[in-house]
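**Student:** Here you go, this is model_6.cif (mmCIF, C-alpha atoms).
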```cif
data_entry
loop_
_atom_site.group_PDB
_atom_site.id
_atom_site.type_symbol
_atom_site.label_atom_id
_atom_site.label_comp_id
_atom_site.auth_asym_id
_atom_site.auth_seq_id
_atom_site.Cartn_x
_atom_site.Cartn_y
_atom_site.Cartn_z
ATOM 1 C CA MET A 203 63.321 -6.024 1.744
ATOM 2 C CA THR A 204 60.524 -5.380 4.222
ATOM 3 C CA ALA A 205 61.412 -6.436 7.739
ATOM 4 C CA ALA A 206 59.213 -9.132 9.228
ATOM 5 C CA PRO A 207 57.105 -7.962 12.178
ATOM 6 C CA ARG A 208 58.658 -8.701 15.542
ATOM 7 C CA PRO A 209 57.037 -11.355 17.741
ATOM 8 C CA GLY A 210 54.154 -9.945 19.765
ATOM 9 C CA THR A 211 53.380 -7.219 17.228
ATOM 10 C CA HIS A 212 50.666 -7.057 14.554
ATOM 11 C CA THR A 213 49.995 -5.086 11.416
ATOM 12 C CA ALA A 214 47.044 -2.671 11.613
ATOM 13 C CA MET A 215 44.262 -3.507 9.152
ATOM 14 C CA THR A 216 42.617 -0.682 7.219
ATOM 15 C CA PRO A 217 38.836 -0.948 7.790
ATOM 16 C CA THR A 218 36.718 -1.442 4.688
ATOM 17 C CA PRO A 219 34.726 1.748 4.101
ATOM 18 C CA SER A 220 30.973 1.383 4.313
ATOM 19 C CA PRO A 221 29.035 1.964 1.087
ATOM 20 C CA PRO A 222 27.421 5.412 0.863
ATOM 21 C CA PRO A 223 23.749 5.364 1.853
ATOM 22 C CA VAL A 224 21.281 4.958 -0.986
ATOM 23 C CA ALA A 225 19.007 8.016 -1.241
ATOM 24 C CA VAL A 226 15.357 6.966 -1.615
ATOM 25 C CA ILE A 227 13.513 10.034 -2.833
ATOM 26 C CA GLY A 228 9.732 10.390 -2.873
ATOM 27 C CA CYS A 229 8.622 12.352 -5.929
ATOM 28 C CA GLY A 230 5.125 13.251 -4.775
ATOM 29 C CA MET A 231 2.286 13.512 -7.270
ATOM 30 C CA GLY A 232 2.523 14.371 -10.936
ATOM 31 C CA ARG A 233 5.681 16.231 -11.911
ATOM 32 C CA PRO A 234 8.348 15.480 -9.273
ATOM 33 C CA GLN A 235 8.731 18.161 -6.624
ATOM 34 C CA PHE A 236 11.645 17.865 -4.228
ATOM 35 C CA SER A 237 12.521 19.388 -0.880
ATOM 36 C CA PRO A 238 15.925 21.143 -0.764
ATOM 37 C CA ASP A 239 17.500 18.117 0.953
ATOM 38 C CA ALA A 240 16.025 15.687 -1.581
ATOM 39 C CA ALA A 241 17.090 17.902 -4.484
ATOM 40 C CA ALA A 242 20.649 18.000 -3.099
ATOM 41 C CA ALA A 243 20.721 14.189 -2.747
ATOM 42 C CA LEU A 244 19.501 13.776 -6.323
ATOM 43 C CA ALA A 245 22.043 16.282 -7.650
ATOM 44 C CA ALA A 246 24.869 14.423 -5.872
ATOM 45 C CA ALA A 247 23.902 11.033 -7.302
ATOM 46 C CA SER A 248 25.977 9.451 -10.032
ATOM 47 C CA VAL A 249 23.370 6.706 -10.526
ATOM 48 C CA ILE A 250 19.599 7.229 -10.584
ATOM 49 C CA VAL A 251 17.025 4.443 -10.399
ATOM 50 C CA GLY A 252 13.316 4.676 -11.184
ATOM 51 C CA GLY A 253 10.399 3.842 -13.405
ATOM 52 C CA ALA A 254 10.328 5.129 -16.960
ATOM 53 C CA ARG A 255 7.994 8.024 -16.133
ATOM 54 C CA LEU A 256 10.102 9.322 -13.255
ATOM 55 C CA LEU A 257 13.403 8.936 -15.108
ATOM 56 C CA ALA A 258 11.923 10.878 -18.021
ATOM 57 C CA ALA A 259 10.905 13.644 -15.582
ATOM 58 C CA VAL A 260 14.582 14.436 -14.811
ATOM 59 C CA PRO A 261 15.979 14.661 -18.364
ATOM 60 C CA GLY A 262 18.930 16.862 -17.475
ATOM 61 C CA HIS A 263 20.421 14.623 -14.816
ATOM 62 C CA PRO A 264 23.866 13.393 -15.937
ATOM 63 C CA GLY A 265 23.890 10.210 -13.862
ATOM 64 C CA ARG A 266 23.813 6.660 -15.158
ATOM 65 C CA ARG A 267 20.263 5.353 -15.242
ATOM 66 C CA ILE A 268 18.894 2.038 -13.991
ATOM 67 C CA PRO A 269 15.240 1.615 -15.059
ATOM 68 C CA ILE A 270 12.888 -0.317 -12.809
ATOM 69 C CA THR A 271 11.578 -3.031 -15.103
ATOM 70 C CA GLY A 272 10.943 -6.692 -14.510
ATOM 71 C CA ARG A 273 12.095 -8.307 -11.285
ATOM 72 C CA LEU A 274 12.896 -5.963 -8.405
ATOM 73 C CA ALA A 275 15.542 -8.414 -7.173
ATOM 74 C CA ALA A 276 17.641 -7.655 -10.249
ATOM 75 C CA VAL A 277 17.205 -3.917 -9.701
ATOM 76 C CA CYS A 278 18.311 -4.311 -6.070
ATOM 77 C CA ASP A 279 21.376 -6.253 -7.233
ATOM 78 C CA ALA A 280 22.304 -3.367 -9.539
ATOM 79 C CA ILE A 281 21.778 -0.837 -6.739
ATOM 80 C CA ASP A 282 23.942 -2.907 -4.393
ATOM 81 C CA ALA A 283 26.745 -3.236 -6.943
ATOM 82 C CA ALA A 284 26.783 0.502 -7.671
ATOM 83 C CA SER A 285 26.678 1.425 -3.991
ATOM 84 C CA ARG A 286 29.477 -0.974 -3.029
ATOM 85 C CA ALA A 287 31.559 0.450 -5.876
ATOM 86 C CA GLY A 288 31.344 3.801 -4.103
ATOM 87 C CA GLU A 289 28.781 5.400 -6.419
ATOM 88 C CA ALA A 290 26.107 7.673 -4.978
ATOM 89 C CA VAL A 291 22.742 6.089 -5.829
ATOM 90 C CA ALA A 292 19.348 7.816 -5.782
ATOM 91 C CA VAL A 293 16.115 5.833 -6.152
ATOM 92 C CA LEU A 294 13.094 7.807 -7.374
ATOM 93 C CA ALA A 295 9.732 6.627 -6.027
ATOM 94 C CA ASP A 296 6.149 7.603 -6.807
ATOM 95 C CA GLY A 297 4.466 9.494 -3.987
ATOM 96 C CA ASP A 298 6.281 8.459 -0.828
ATOM 97 C CA ALA A 299 8.535 5.401 -0.999
ATOM 98 C CA LEU A 300 7.386 4.092 2.391
ATOM 99 C CA HIS A 301 3.657 4.170 1.581
ATOM 100 C CA PHE A 302 2.884 1.178 -0.663
ATOM 101 C CA GLY A 303 6.094 1.936 -2.545
ATOM 102 C CA ILE A 304 9.521 0.495 -3.212
ATOM 103 C CA GLY A 305 10.727 1.495 0.266
ATOM 104 C CA ALA A 306 9.570 -1.743 1.883
ATOM 105 C CA THR A 307 11.443 -3.829 -0.708
ATOM 106 C CA LEU A 308 14.619 -1.793 -0.240
ATOM 107 C CA LEU A 309 14.403 -2.089 3.557
ATOM 108 C CA ALA A 310 14.023 -5.862 3.330
ATOM 109 C CA ARG A 311 17.107 -6.065 1.096
ATOM 110 C CA PHE A 312 19.436 -3.441 2.575
ATOM 111 C CA GLY A 313 18.149 -2.555 6.052
ATOM 112 C CA PRO A 314 17.657 1.010 7.316
ATOM 113 C CA GLN A 315 21.373 1.642 7.919
ATOM 114 C CA ARG A 316 22.149 1.671 4.186
ATOM 115 C CA LEU A 317 19.211 3.865 3.166
ATOM 116 C CA ALA A 318 18.355 7.543 3.531
ATOM 117 C CA PHE A 319 14.684 8.359 2.965
ATOM 118 C CA PHE A 320 13.329 11.665 1.688
ATOM 119 C CA PRO A 321 9.528 11.715 2.146
ATOM 120 C CA ASN A 322 6.910 13.339 -0.053
ATOM 121 C CA ILE A 323 3.142 13.602 -0.534
ATOM 122 C CA THR A 324 1.239 10.334 -0.942
ATOM 123 C CA ALA A 325 -1.648 9.786 -3.338
ATOM 124 C CA VAL A 326 -3.980 9.406 -0.338
ATOM 125 C CA ALA A 327 -2.969 12.806 1.068
ATOM 126 C CA ALA A 328 -3.260 14.446 -2.342
ATOM 127 C CA ALA A 329 -6.688 12.907 -3.030
ATOM 128 C CA CYS A 330 -8.087 13.934 0.341
ATOM 129 C CA SER A 331 -6.783 17.472 -0.103
ATOM 130 C CA ARG A 332 -8.651 17.711 -3.409
ATOM 131 C CA LEU A 333 -11.795 16.344 -1.771
ATOM 132 C CA GLY A 334 -11.471 18.644 1.241
ATOM 133 C CA ARG A 335 -11.521 15.689 3.634
ATOM 134 C CA PRO A 336 -9.338 14.982 6.688
ATOM 135 C CA TRP A 337 -7.457 11.742 6.101
ATOM 136 C CA GLN A 338 -6.159 10.694 9.510
ATOM 137 C CA ASP A 339 -9.040 8.200 9.757
ATOM 138 C CA VAL A 340 -8.752 6.824 6.203
ATOM 139 C CA PRO A 341 -7.177 3.347 5.958
ATOM 140 C CA ALA A 342 -5.425 2.599 2.682
ATOM 141 C CA VAL A 343 -5.094 -0.691 0.851
ATOM 142 C CA SER A 344 -3.370 -1.566 -2.399
ATOM 143 C CA LEU A 345 -4.895 -3.771 -5.051
ATOM 144 C CA HIS A 346 -2.015 -2.904 -7.381
ATOM 145 C CA GLY A 347 -0.693 -6.257 -8.545
ATOM 146 C CA ARG A 348 -2.803 -8.081 -5.961
ATOM 147 C CA THR A 349 -5.781 -10.410 -6.166
ATOM 148 C CA ASP A 350 -6.888 -10.610 -2.516
ATOM 149 C CA ALA A 351 -9.662 -8.088 -1.815
ATOM 150 C CA THR A 352 -10.015 -9.128 1.846
ATOM 151 C CA PRO A 353 -8.270 -5.969 3.185
ATOM 152 C CA LEU A 354 -10.687 -3.835 1.155
ATOM 153 C CA PHE A 355 -13.790 -5.463 2.639
ATOM 154 C CA ALA A 356 -12.294 -5.536 6.129
ATOM 155 C CA ALA A 357 -11.638 -1.781 6.010
ATOM 156 C CA LEU A 358 -15.155 -1.063 4.761
ATOM 157 C CA ALA A 359 -16.687 -3.276 7.457
ATOM 158 C CA ARG A 360 -14.714 -1.665 10.304
ATOM 159 C CA ARG A 361 -14.234 1.918 9.201
ATOM 160 C CA GLY A 362 -16.769 2.601 6.456
ATOM 161 C CA VAL A 363 -14.092 4.280 4.344
ATOM 162 C CA VAL A 364 -10.995 3.176 2.450
ATOM 163 C CA ALA A 365 -8.530 4.542 -0.095
ATOM 164 C CA VAL A 366 -7.543 2.011 -2.755
ATOM 165 C CA TYR A 367 -4.563 1.943 -5.105
ATOM 166 C CA THR A 368 -5.779 0.492 -8.410
ATOM 167 C CA ASP A 369 -4.174 -1.250 -11.385
ATOM 168 C CA ALA A 370 -5.112 -2.390 -14.890
ATOM 169 C CA ALA A 371 -7.153 -5.333 -13.552
ATOM 170 C CA ASN A 372 -8.480 -3.781 -10.331
ATOM 171 C CA THR A 373 -9.929 -0.708 -11.993
ATOM 172 C CA PRO A 374 -12.416 1.642 -10.307
ATOM 173 C CA ALA A 375 -15.226 -0.047 -12.252
ATOM 174 C CA ALA A 376 -14.083 -3.535 -11.240
ATOM 175 C CA ILE A 377 -13.775 -2.509 -7.587
ATOM 176 C CA ALA A 378 -17.237 -0.914 -7.625
ATOM 177 C CA ALA A 379 -18.731 -4.079 -9.134
ATOM 178 C CA LEU A 380 -16.985 -6.237 -6.532
ATOM 179 C CA ILE A 381 -18.429 -4.192 -3.665
ATOM 180 C CA ARG A 382 -21.915 -4.186 -5.177
ATOM 181 C CA GLN A 383 -21.793 -7.983 -5.480
ATOM 182 C CA ARG A 384 -21.378 -8.060 -1.704
ATOM 183 C CA GLY A 385 -24.407 -5.815 -1.160
ATOM 184 C CA GLY A 386 -22.409 -2.601 -0.840
ATOM 185 C CA ASP A 387 -24.773 -0.115 -2.510
ATOM 186 C CA ALA A 388 -24.583 2.176 0.549
ATOM 187 C CA PHE A 389 -21.172 3.473 -0.602
ATOM 188 C CA ALA A 390 -19.970 6.186 -2.969
ATOM 189 C CA MET A 391 -16.670 6.355 -4.848
ATOM 190 C CA ALA A 392 -14.387 9.288 -5.570
ATOM 191 C CA VAL A 393 -12.250 8.530 -8.625
ATOM 192 C CA CYS A 394 -9.011 10.527 -8.461
ATOM 193 C CA GLU A 395 -7.070 10.359 -11.727
ATOM 194 C CA ASP A 396 -3.604 11.654 -12.663
ATOM 195 C CA LEU A 397 -3.122 13.592 -9.434
ATOM 196 C CA GLY A 398 -0.743 16.497 -9.936
ATOM 197 C CA LEU A 399 -0.726 16.217 -13.735
ATOM 198 C CA PRO A 400 -2.442 18.547 -16.236
ATOM 199 C CA SER A 401 -4.916 15.720 -16.947
ATOM 200 C CA GLU A 402 -5.991 15.493 -13.280
ATOM 201 C CA ARG A 403 -9.675 14.715 -12.818
ATOM 202 C CA ILE A 404 -11.789 14.098 -9.698
ATOM 203 C CA ARG A 405 -15.241 12.491 -9.929
ATOM 204 C CA ARG A 406 -17.647 11.589 -7.137
ATOM 205 C CA LEU A 407 -19.987 8.783 -8.142
ATOM 206 C CA PRO A 408 -22.482 6.385 -6.555
ATOM 207 C CA LEU A 409 -21.355 2.793 -6.987
ATOM 208 C CA ALA A 410 -24.190 2.148 -9.454
ATOM 209 C CA GLU A 411 -22.530 4.654 -11.802
ATOM 210 C CA ALA A 412 -18.939 3.781 -10.897
ATOM 211 C CA VAL A 413 -19.340 0.255 -12.326
ATOM 212 C CA ALA A 414 -19.290 1.778 -15.831
ATOM 213 C CA VAL A 415 -16.552 4.374 -15.319
ATOM 214 C CA THR A 416 -13.262 4.378 -17.207
ATOM 215 C CA ALA A 417 -10.160 5.919 -15.652
ATOM 216 C CA ALA A 418 -6.487 6.616 -16.290
ATOM 217 C CA ALA A 419 -3.756 4.192 -15.271
ATOM 218 C CA LEU A 420 -2.647 6.478 -12.393
ATOM 219 C CA THR A 421 -5.839 6.381 -10.344
ATOM 220 C CA LEU A 422 -6.659 6.158 -6.650
ATOM 221 C CA VAL A 423 -10.227 5.732 -5.426
ATOM 222 C CA LEU A 424 -11.760 6.719 -2.122
ATOM 223 C CA ILE A 425 -14.782 4.645 -1.122
ATOM 224 C CA GLU A 426 -16.981 5.891 1.701
ATOM 225 C CA ARG A 427 -20.203 4.773 3.320
ATOM 226 C CA THR A 428 -23.113 7.130 2.631
ATOM 227 C CA THR A 429 -25.663 5.668 5.067
ATOM 228 C CA PRO A 430 -25.249 4.044 8.506
ATOM 229 C CA PRO A 431 -24.873 0.240 8.452
ATOM 230 C CA GLU A 432 -28.076 -1.691 8.947
ATOM 231 C CA VAL A 433 -26.325 -3.942 11.475
ATOM 232 C CA PRO A 434 -23.574 -2.279 13.548
ATOM 233 C CA LEU A 435 -20.597 -4.605 13.998
ATOM 234 C CA HIS A 436 -20.518 -6.322 17.400
ATOM 235 C CA LEU A 437 -19.856 -9.709 18.968
ATOM 236 C CA GLY A 438 -22.701 -12.123 18.279
ATOM 237 C CA LEU A 439 -24.443 -10.586 15.280
ATOM 238 C CA ALA A 440 -28.184 -11.091 15.192
ATOM 239 C CA ASP A 441 -29.267 -14.125 13.203
ATOM 240 C CA GLU A 442 -31.298 -11.859 10.918
ATOM 241 C CA ALA A 443 -28.098 -10.037 9.899
ATOM 242 C CA LEU A 444 -26.805 -13.139 8.095
ATOM 243 C CA LEU A 445 -27.890 -14.078 4.602
ATOM 244 C CA ARG A 446 -28.432 -17.837 4.628
ATOM 245 C CA ARG A 447 -30.202 -20.597 2.741
ATOM 246 C CA ASP A 448 -30.209 -23.166 5.566
ATOM 247 C CA ALA A 449 -32.219 -23.034 8.782
ATOM 248 C CA VAL A 450 -29.478 -25.007 10.524
ATOM 249 C CA PHE A 451 -26.648 -22.652 11.493
ATOM 250 C CA THR A 452 -24.821 -21.523 14.629
ATOM 251 C CA LYS A 453 -27.100 -19.125 16.496
ATOM 252 C CA ALA A 454 -26.016 -15.759 17.917
ATOM 253 C CA PRO A 455 -25.455 -16.794 21.596
ATOM 254 C CA VAL A 456 -23.240 -19.742 20.621
ATOM 255 C CA ARG A 457 -21.336 -17.630 18.099
ATOM 256 C CA ALA A 458 -20.722 -14.935 20.719
ATOM 257 C CA VAL A 459 -19.390 -17.424 23.293
ATOM 258 C CA SER A 460 -17.277 -19.287 20.708
ATOM 259 C CA LEU A 461 -15.689 -16.122 19.325
ATOM 260 C CA ALA A 462 -15.044 -14.697 22.791
ATOM 261 C CA ALA A 463 -13.298 -17.942 23.779
ATOM 262 C CA LEU A 464 -11.225 -17.950 20.587
ATOM 263 C CA ALA A 465 -9.990 -14.394 21.338
ATOM 264 C CA ILE A 466 -8.894 -13.899 17.740
ATOM 265 C CA ARG A 467 -6.096 -11.357 17.356
ATOM 266 C CA PRO A 468 -4.983 -9.398 14.279
ATOM 267 C CA GLY A 469 -2.991 -11.622 11.952
ATOM 268 C CA ASP A 470 -4.413 -14.893 13.298
ATOM 269 C CA VAL A 471 -5.469 -17.576 10.825
ATOM 270 C CA VAL A 472 -8.782 -19.213 11.691
ATOM 271 C CA TRP A 473 -9.819 -22.628 10.386
ATOM 272 C CA ASP A 474 -13.548 -23.305 10.722
ATOM 273 C CA VAL A 475 -13.587 -27.108 10.403
ATOM 274 C CA GLY A 476 -16.978 -28.412 9.372
ATOM 275 C CA ALA A 477 -18.157 -24.851 8.790
ATOM 276 C CA GLY A 478 -21.552 -25.716 7.360
ATOM 277 C CA THR A 479 -23.152 -22.344 6.558
ATOM 278 C CA GLY A 480 -20.006 -20.587 7.762
ATOM 279 C CA SER A 481 -21.661 -18.184 10.199
ATOM 280 C CA VAL A 482 -18.845 -18.401 12.776
ATOM 281 C CA ALA A 483 -16.143 -17.981 10.131
ATOM 282 C CA LEU A 484 -17.990 -15.019 8.626
ATOM 283 C CA GLU A 485 -18.271 -13.184 11.914
ATOM 284 C CA ALA A 486 -14.677 -14.043 12.800
ATOM 285 C CA SER A 487 -13.500 -12.447 9.553
ATOM 286 C CA LEU A 488 -15.416 -9.273 10.363
ATOM 287 C CA LEU A 489 -14.063 -9.048 13.896
ATOM 288 C CA ASN A 490 -10.442 -9.759 12.996
ATOM 289 C CA ALA A 491 -8.664 -6.525 12.154
ATOM 290 C CA GLY A 492 -5.765 -8.342 10.466
#
```
Could you render the structure from this file as structure tokens?

**Tutor:**
Amino acid sequence: MTAAPRPGTHTAMTPTPSPPPVAVIGCGMGRPQFSPDAAAALAAASVIVGGARLLAAVPGHPGRRIPITGRLAAVCDAIDAASRAGEAVAVLADGDALHFGIGATLLARFGPQRLAFFPNITAVAAACSRLGRPWQDVPAVSLHGRTDATPLFAALARRGVVAVYTDAANTPAAIAALIRQRGGDAFAMAVCEDLGLPSERIRRLPLAEAVAVTAAALTLVLIERTTPPEVPLHLGLADEALLRRDAVFTKAPVRAVSLAALAIRPGDVVWDVGAGTGSVALEASLLNAG
């Protein structure tokens, strides 16, 4: 029989081992290309997670496969279960996982302590390298699976250039038509298809031609202003800069004072009650970098 512990003593508890970190591996553009550290993490994995295209790109890997289909919550549950069971998990991500990729979802679920990131080239970097253009000043927005084009127009208004991730609904042609509807003929579009694949194609088009273009599913576009804006952005836009059908609207001096007093910051939500022609709300949306 095991002797009972004496009074004043305690039995040491064995700490529960932490799950091994999940390797989140950026695959870059086209055929996956890995750094030595990323390749080692992938080789050590007993479970690999990714979309169908990326899983098919590593046919010789012996690990169990978890395809990314349907709800990401279910995929995260499967990753968590495998990791807590002591299995080494590697998640394959297009481009770089932390640039409009699965990295943000994984961070929200697991936190940085349970993840190890291996970066790679993004579609924006690859596109700009093909175009021979520095990209430190190029904001990027994603319309992949999204319906709100506000970030697109905000970037064009403030910076005159934007890189856009597309999808089956927000195609290059649809995006070009959307910009032209807002009077954006002073822009050109570079359509960058299948970056890094044998079918890669780069086309530079005026928006008038881009509205009729067809493109592959894996496409990023770069939209850039070709002529200076007629009205440079500033507080209290001239009345003539606003398209309006009503002679009654808030004039420039009142708009300037009102907007200065509001001191709108990025991320603020502005309600223009009784907006009328909406001139204050319009200028507020242009000035707000959120």

**Student:** Looking at all atoms listed in the file, which of A:Pro430, A:Gly253, A:Pro374, A:Gly347 is the one that sits closest to Cys394 of chain A?

**Tutor:**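 Closest to Cys394 of chain A of all the choices is A:Pro374.
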
**Student:** Check the smallest atom-to-atom distance from each of A:Val260, A:Leu439, A:Ile377, A:Leu461 to Val423 of chain A using all atoms listed in the file, then report the winner.

**Tutor:**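 Among the listed residues, A:Ile377 lies closest to Val423 of chain A.
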
**Student:** Starting from the shown file, work through the PyMOL selection byres ((chain A and resi 292-296) around 7) and note down what comes out as a PyMOL selection string.

**Tutor:** chain A and resi 224-230+244+247+249-252+256+290-291+297-299+303-304

**Student:** Step by step, work through what the PyMOL selection byres ((chain A and resi 379) around 9) selects in the shown file, and finish by giving those residues as a VMD selection string.

**Tutor:** chain A and resid 374 to 378 380 to 384 409 to 410 412 to 414

**Student:** Segment 277-295 of chain A, all listed atoms, 6 Å padding on each side: what axis-aligned box centre and edge lengths in Å to one decimal come out, as lines of an AutoDock Vina configuration file?

**Tutor:**
```
center_x = 20.6
center_y = 0.8
center_z = -6.4
size_x = 33.8
size_y = 26.1
size_z = 18.7
```

**Student:** To one decimal in Å, tell me the separation between atom CA of Asp474 of chain A and atom CA of Val450 of chain A.

**Tutor:** 16.0 Å

**Student:** Counting all atoms listed in the file, which residues come within 9 Å of (-6.9, -0.6, -8.4), with the point read in the file's coordinates, and could you list them as a list in words?

**Tutor:** Ser344, Leu345, His346, Gly347, Arg348, Val366, Tyr367, Thr368, Asp369, Ala370, Ala371, Asn372, Thr373, Pro374, Ala376, Ile377, Ala419, Thr421, Leu422 and Val423 of chain A

**Student:** Rank A:Leu444, A:Ala306, A:Ala241, A:Ile323 by their smallest atom-to-atom distance to His263 of chain A, using all atoms listed in the file, and report the top residue only.

**Tutor:**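 The answer is A:Ala241, which sits nearest to His263 of chain A.
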
**Student:** What is the atom CA of Ile425 of chain A to atom CA of Val363 of chain A distance in Å?

**Tutor:** 5.5 Å

**Student:** Considering only C-alpha atoms, state which residue in the set A:Pro353, A:Val364, A:Arg316, A:Pro221 is at the smallest distance from Gln338 of chain A.

**Tutor:**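 When distances to Gln338 of chain A are compared using only C-alpha atoms, the smallest one comes from A:Val364.
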
**Student:** Quick one: pull the distance between atom CA of Ala483 of chain A and atom CA of Ala356 of chain A, Å, one decimal.

**Tutor:**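 Interatomic distance, atom CA of Ala483 of chain A to atom CA of Ala356 of chain A: 13.6 Å.
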
**Student:** Rank nothing, just name the residue among A:Gly438, A:Pro431, A:Gly469, A:Pro341 nearest to Pro455 of chain A, using all atoms listed in the file.

**Tutor:** A:Gly438

**Student:** Which residues, named as in the file, does the PyMOL selection byres ((chain A and resi 312) around 10) pick out? Answer as a VMD selection string.

**Tutor:** chain A and resid 223 to 224 278 281 to 282 307 to 311 313 to 317

**Student:** With C-alpha atoms retained, could you export that selection as a short mmCIF file (atom, residue, chain, number, x, y, z; two decimals), keeping the file's coordinate frame?

**Tutor:**
```cif
data_model
loop_
_atom_site.label_atom_id
_atom_site.label_comp_id
_atom_site.auth_asym_id
_atom_site.auth_seq_id
_atom_site.Cartn_x
_atom_site.Cartn_y
_atom_site.Cartn_z
CA PRO A 223 23.75 5.36 1.85
CA VAL A 224 21.28 4.96 -0.99
CA CYS A 278 18.31 -4.31 -6.07
CA ILE A 281 21.78 -0.84 -6.74
CA ASP A 282 23.94 -2.91 -4.39
CA THR A 307 11.44 -3.83 -0.71
CA LEU A 308 14.62 -1.79 -0.24
CA LEU A 309 14.40 -2.09 3.56
CA ALA A 310 14.02 -5.86 3.33
CA ARG A 311 17.11 -6.06 1.10
CA GLY A 313 18.15 -2.56 6.05
CA PRO A 314 17.66 1.01 7.32
CA GLN A 315 21.37 1.64 7.92
CA ARG A 316 22.15 1.67 4.19
CA LEU A 317 19.21 3.86 3.17
#
```
